[in-house]
Structure formats: structure tokens, C-alpha cells
Amino acid sequence: MSLPETERPSNPAPASTSHRVAKNSVLYFSSLAVPALAAVFLVPVTVRALGPARFGLLALAWAVAEGSGMFDFGLGRATVRFVADGSARGAERIKQIVLASVFSQTAAGIVAGILLYLFSPTLVHHVFKISPETMPEAIGMFRVLSLHLPVILCIASLRASLEGAQRFDLSTALRIPSSLASVVVPAIAASFGASLPTIMWLLFAVRLSLAVFNAEAVRRALLQGRWALPAGFSTLREMLGYSGWVAVSAALGPALGSIDRFVVGSVVGATGLGYYTGAAEAANRFLLIPSTVFSALLPALANTEARGARDRSLAATRAAARQLATVLLPLCLALFTFAPQILGVWLGPAFAEQAGTALRILSVGVFLGGLAHLPLAVLYGVARPDLPAKFHIVEVIVHVPLTFLLVKSFGITGAALAWTLRCGADWLYYEIATRRTVGRSAEDFAEEERTRRLLWLTLAMALTLGVTAWATNISWPSCDRSRCSCFSCVRACRVVEGAQ
């Protein structure tokens, strides 16, 4: 039974925001995990049907489709933030934001598609190394792919609108089929002998259909009326002022994240790069967890900020930090402890010997980098994307030469150290910037005592891990090693949750 207006709570408890963030994080994670699991089984089918050379061309098509996000100029994340903010300002405000985002990103996709269509022969003949017998098929594939780009960016803007409104139930239900289509359609079509252009045509039909479903979901959930042209350009100009800084971070962030591999390839060589890539891929899998929390936290923070409930934003961030640390800490501790064994089982004893130390260092970076996602979400939520962008510019100046220096001195271990130092710098800077920009609540001062306890107990667990690593080196029975590691993980969870 609904409450009368006078009895409804005007300001829900902070826990409600935290619970919503946790729920949305699980939904977002499932939208990524289900297609990834399907790819494990379906990609080998596609490889066998197409062969290595033609599958390589399909992989290029996937890379181009994934890279099309650079043409949104930061509007995707801006849409999430502005729709979340608009939820507190009225339906008409949301409508103008959604219309401006969808039409501008679709237009950008059309421009990108035209460029891809015109330059397809150049890509095939001069950029990529493609055998002469597959060049005609490759050109046809890229030209059909050019039709995908407007659809992909349109779907991305529609999905961002739903996520900004915190309708992760709808966005997840629509994201999973879209992501599954990228691996299911090629696997089925290739098994029946379809050419690469034919696969692209089939995939285009599926994506176009999904774009219609996304548009209808947005219309019913957010627009509450018919689609129409934006009323003017004022909303788009406002969004571009925000997205410009986001675009800087979107361009520099991935470059900073992968510069270590380029440096290893140029300094150590292809063999060293192979070993380092194995360790980096093992570590980066864990960053999927904080990425999902970031995606769920950003619209919640922007919405509470728009309602003037900054204390609720800070409370939600603290709760998310505890939940994230509870998940990440035992995983990273286990990765640190058993890094050589994990690499040995996954990739072979050579990787365990060459990259075990690098993976241990990377596990520390994963923990720090994961925690950095939360203050970053706060800065985006309070409309300060300029601060991360400016820091990324400074990082390029400092991090690139530091990576060269460490790789030349320590090889792939130096690359792991450089990556971890950057993650630690990100976390420290974002925390300082958040405190100076957003301020602190009374609860934050109580949090300091909990943090000090956590640091001391983490040092104690580090000693335990040292004993575990020593036990591994002297070949204690595996059951004893497992008990020691599990004890460390359980203690970590109890320490983090004990602050609640």
C-alpha cells in the first residue's frame, strides 16, 4: 500500500543508495560475464570454421567495432552523468539530454562509417598485412562494417541513457543479446561456410533490430512520448563542455594503460612481451570488478548530487569502497601468493619462471587501481572531469620515461613496477582531489580510525603471505599452503567488513 504524500520519506536512507549500487553492479557484471563465457566456447568454433587468416580479419572487425567508441568524444559518459542529474530536474530535461545524445552520436557514427568505407582499400593494401587472395573479401568486410558504426554508437547512447537513469535491469537485458550476437552470429554463419561480408551483413541485421528494441525501451522508460528532434543545441553544447575533458581521459587513459607493453616490445623484445602479456592479462581480468562498480556508482552519485544530498553520495562511496575492498583484497592476496603457480597451470612453466614476479607486482597495482575507480566516479559525478584529464596529461610526461627507465633496468619486472606505481599515483591523486573538491562528512573522520586498523592488519597479513610464499618455495604440502592462504583471505574479509 502506498504512503500518503505527507508520510513518504523525502530523503531515503543512505543504505538505499548503497544497495542500489550493489544491485546495479551485479547486473552490469553479468552483462559482461555472460558474453565472455559464451566466447570461451564459441570462438574456437569460429576459428576452426574460418581458419587462422580469415579469423584474423574477423578479429580486426571486432577491434574496429570496439574502437568506434572514440568517435563519441566522451558523450557516452557525459550522457550517463547528465541523465542521472536530469532525473532530479524533470522529464523534459531528461528528454532533451537523451535526444541530443542519440542524434549527435548517431551523426558521429555516420561520419566514422563514411571514413571507414572510403579508406577500406587503403587499410587492406597498406595498413594491415593481408594475403592477396583474401584482400577482396577483406575490403568487402570493412565496407559492410562501415554500416555498423552509426548503429553501434546509437545503441551505446541509448544504453548510456538507461544507465544514467539507473535502469540497469533494462540495459543489462539489452546488452547481453547485443554482446552475444558478436560471437554467436560468426560461429553459426562460419560453420555454414558464409563469407566474411555475409557474416557482417547478418550481424548488421541483428544489431539494427537490437537498436530498435533499445530505442523503444528508452522511449517507454524515459521519453514517455514520441521520438522527436532536439529543441535546440544548448543541451548539446552543455554536454560537450563536460565530454571534452572526458574525451581527453578516454584517449590518454588506455594509452597509459598499455604503454608498458609497447615499451617491453621495443626494449626487451617479442619474447619478453609474450611473457609479460600473459602476466598482464591474468591481472587485468580482476579490473572487471571495479569497472562494474564504477559504472553503477557514477549515475547514483550524479543523481544524489543533483538532489543536494552530498552526504548520501559520500556514504554510498564509503559503502562501495568497503564492498569492493572485501572482494578485491582476498583475490589480489591469492594472486600475489600463487602467481607462479597460476601462470604455470594456465600458460606453462616458462611463464611461471619468467613472469611470476611481474604478476605479483601487478596484483598490488590491481588492488590500488581498483580502489582508484571510486574517487574517480565521485569526480565525474560532481561534474569535475577536468581534474582526472589534467592529471592524465601530467602522467604522460612522467610515466612514459619512467617506464622506459624501469624496463631497461629490470626488464618485464620493471614494466610491472611502472604500471603499479601509476595505479598507486592514480588512487592517491583521486583521493586527494575528491577530498578537496567534495569535502568530507563527519563519518569520514570516523573512517580514518578504521583505515589505520586496516593498514596495521594488512601489514600483519603481508607477513603471513611471506610465510606462505616461503612455504611454497620449500614445497610444503599443498594443503598447508592452501590453509595459510585461505586464512589470510578470511582475515582480510573480516577486517574490511568489521568496520561496518
# chains A, B, ... in the order shown; residues from 1 in each chain; ligands from 1
>>> residues_around(residues="A:Ala282", least_positions_apart="2", cutoff="10 Å", atoms="only C-alpha atoms", output="VMD selection string")
chain A and resid 276 to 280 284 to 286 335 339 342 to 343 346 359 362 to 363
>>> write_last_selection(atoms="C-alpha atoms", output="tab-separated table (two decimals), in the first residue's frame")
chain	number	residue	atom	x	y	z
A	276	TYR	CA	54.68	-10.01	-19.83
A	277	THR	CA	51.39	-10.09	-21.74
A	278	GLY	CA	50.49	-13.39	-20.07
A	279	ALA	CA	51.01	-11.86	-16.63
A	280	ALA	CA	49.22	-8.62	-17.55
A	284	ASN	CA	43.70	-7.25	-15.82
A	285	ARG	CA	40.87	-9.76	-15.54
A	286	PHE	CA	40.36	-8.61	-11.95
A	335	LEU	CA	47.10	-13.79	-6.90
A	339	ALA	CA	51.30	-16.04	-9.07
A	342	ILE	CA	48.71	-19.72	-11.65
A	343	LEU	CA	50.88	-18.89	-14.64
A	346	TRP	CA	47.46	-21.54	-17.30
A	359	LEU	CA	52.43	-10.88	-11.79
A	362	LEU	CA	50.82	-6.37	-10.88
A	363	SER	CA	48.48	-7.82	-8.25
>>> residues_around(residues="A:Val212", least_positions_apart="3", cutoff="12 Å", atoms="only C-alpha atoms", output="ChimeraX atom specification")
/A:151-152,154-155,158,174,178,205-209,215-219
>>> closest_residue(among="A:Asn214, A:Thr271, A:Ser234, A:Ser195", to="A:Arg159", atoms="only C-alpha atoms")
A:Asn214
>>> closest_residue(among="A:Ala165, A:Leu288, A:Ile397, A:Val263", to="A:Leu301", atoms="only C-alpha atoms")
A:Ala165
>>> residues_around(residues="A:Trp427", least_positions_apart="6", cutoff="8 Å", atoms="only C-alpha atoms", output="ChimeraX atom specification")
/A:368-369,371-373,375
>>> write_last_selection(atoms="N, CA and C atoms", output="PDB file, in the first residue's frame")
ATOM      1  N   LEU A 368      45.265  -1.366  -5.995  1.00  0.00           N
ATOM      2  CA  LEU A 368      45.276   0.102  -5.920  1.00  0.00           C
ATOM      3  C   LEU A 368      44.474   0.717  -7.064  1.00  0.00           C
ATOM      4  N   GLY A 369      44.662   0.195  -8.270  1.00  0.00           N
ATOM      5  CA  GLY A 369      43.913   0.712  -9.406  1.00  0.00           C
ATOM      6  C   GLY A 369      42.426   0.472  -9.275  1.00  0.00           C
ATOM      7  N   LEU A 371      40.696   0.367  -6.418  1.00  0.00           N
ATOM      8  CA  LEU A 371      40.174   1.349  -5.466  1.00  0.00           C
ATOM      9  C   LEU A 371      40.120   2.750  -6.072  1.00  0.00           C
ATOM     10  N   ALA A 372      41.001   3.041  -7.045  1.00  0.00           N
ATOM     11  CA  ALA A 372      41.008   4.369  -7.672  1.00  0.00           C
ATOM     12  C   ALA A 372      39.744   4.635  -8.478  1.00  0.00           C
ATOM     13  N   HIS A 373      39.019   3.597  -8.871  1.00  0.00           N
ATOM     14  CA  HIS A 373      37.791   3.793  -9.641  1.00  0.00           C
ATOM     15  C   HIS A 373      36.738   4.567  -8.849  1.00  0.00           C
ATOM     16  N   PRO A 375      36.953   7.089  -6.176  1.00  0.00           N
ATOM     17  CA  PRO A 375      37.057   8.551  -6.186  1.00  0.00           C
ATOM     18  C   PRO A 375      36.965   9.140  -7.585  1.00  0.00           C
TER      19      PRO A 375
END
>>> closest_residue(among="A:Gly109, A:Pro44, A:Pro136, A:Pro230", to="A:Ile188", atoms="only C-alpha atoms")
A:Pro44
>>> residues_around(residues="A:Glu66", least_positions_apart="2", cutoff="12 Å", atoms="only C-alpha atoms", output="list of chain:residue names")
A:Ala59, A:Leu60, A:Ala61, A:Trp62, A:Ala63, A:Val64, A:Ser68, A:Gly69, A:Met70, A:Phe71, A:Leu145, A:His148, A:Leu149, A:Ile152, A:Leu153, A:Ala156, A:Ser179, A:Ser182
>>> write_last_selection(atoms="C-alpha atoms", output="tab-separated table (two decimals), in the first residue's frame")
chain	number	residue	atom	x	y	z
A	59	ALA	CA	39.26	-10.07	-35.16
A	60	LEU	CA	40.17	-6.82	-36.93
A	61	ALA	CA	36.47	-6.17	-37.49
A	62	TRP	CA	35.82	-6.73	-33.78
A	63	ALA	CA	38.64	-4.33	-32.91
A	64	VAL	CA	37.27	-1.63	-35.23
A	68	SER	CA	34.35	3.06	-32.60
A	69	GLY	CA	33.70	4.46	-29.14
A	70	MET	CA	36.46	7.01	-29.71
A	71	PHE	CA	34.10	8.83	-32.08
A	145	LEU	CA	31.29	-2.91	-41.24
A	148	HIS	CA	27.61	-0.87	-38.32
A	149	LEU	CA	29.27	2.20	-36.84
A	152	ILE	CA	26.82	0.81	-32.65
A	153	LEU	CA	27.12	4.41	-31.45
A	156	ALA	CA	25.74	2.98	-26.97
A	179	SER	CA	27.26	-8.78	-26.98
A	182	SER	CA	29.10	-10.64	-31.81
>>> closest_residue(among="A:Ala65, A:Ala358, A:Ala33, A:Leu405", to="A:Leu417", atoms="only C-alpha atoms")
A:Ala358
>>> atom_distance(atom1="atom CA of A:Thr437", atom2="atom CA of A:Leu421")
23.9 Å
>>> atom_distance(atom1="atom CA of A:Val124", atom2="atom CA of A:Val144")
14.0 Å
>>> closest_residue(among="A:Lys129, A:Cys332, A:Thr292, A:Leu374", to="A:Ala319", atoms="only C-alpha atoms")
A:Leu374
>>> atom_distance(atom1="atom CA of A:Phe404", atom2="atom CA of A:Ser258")
13.0 Å
>>> closest_residue(among="A:Tyr429, A:Phe168, A:Phe367, A:Phe82", to="A:Ala283", atoms="only C-alpha atoms")
A:Phe367
>>> residues_around(residues="A:Leu147", least_positions_apart="4", cutoff="8 Å", atoms="only C-alpha atoms", output="ChimeraX atom specification")
/A:110,113,143,151,204
>>> select_by_dssp(residues="stretch 160-246 of chain A", states="helix (DSSP H, G or I)", output="count of residues only")
70
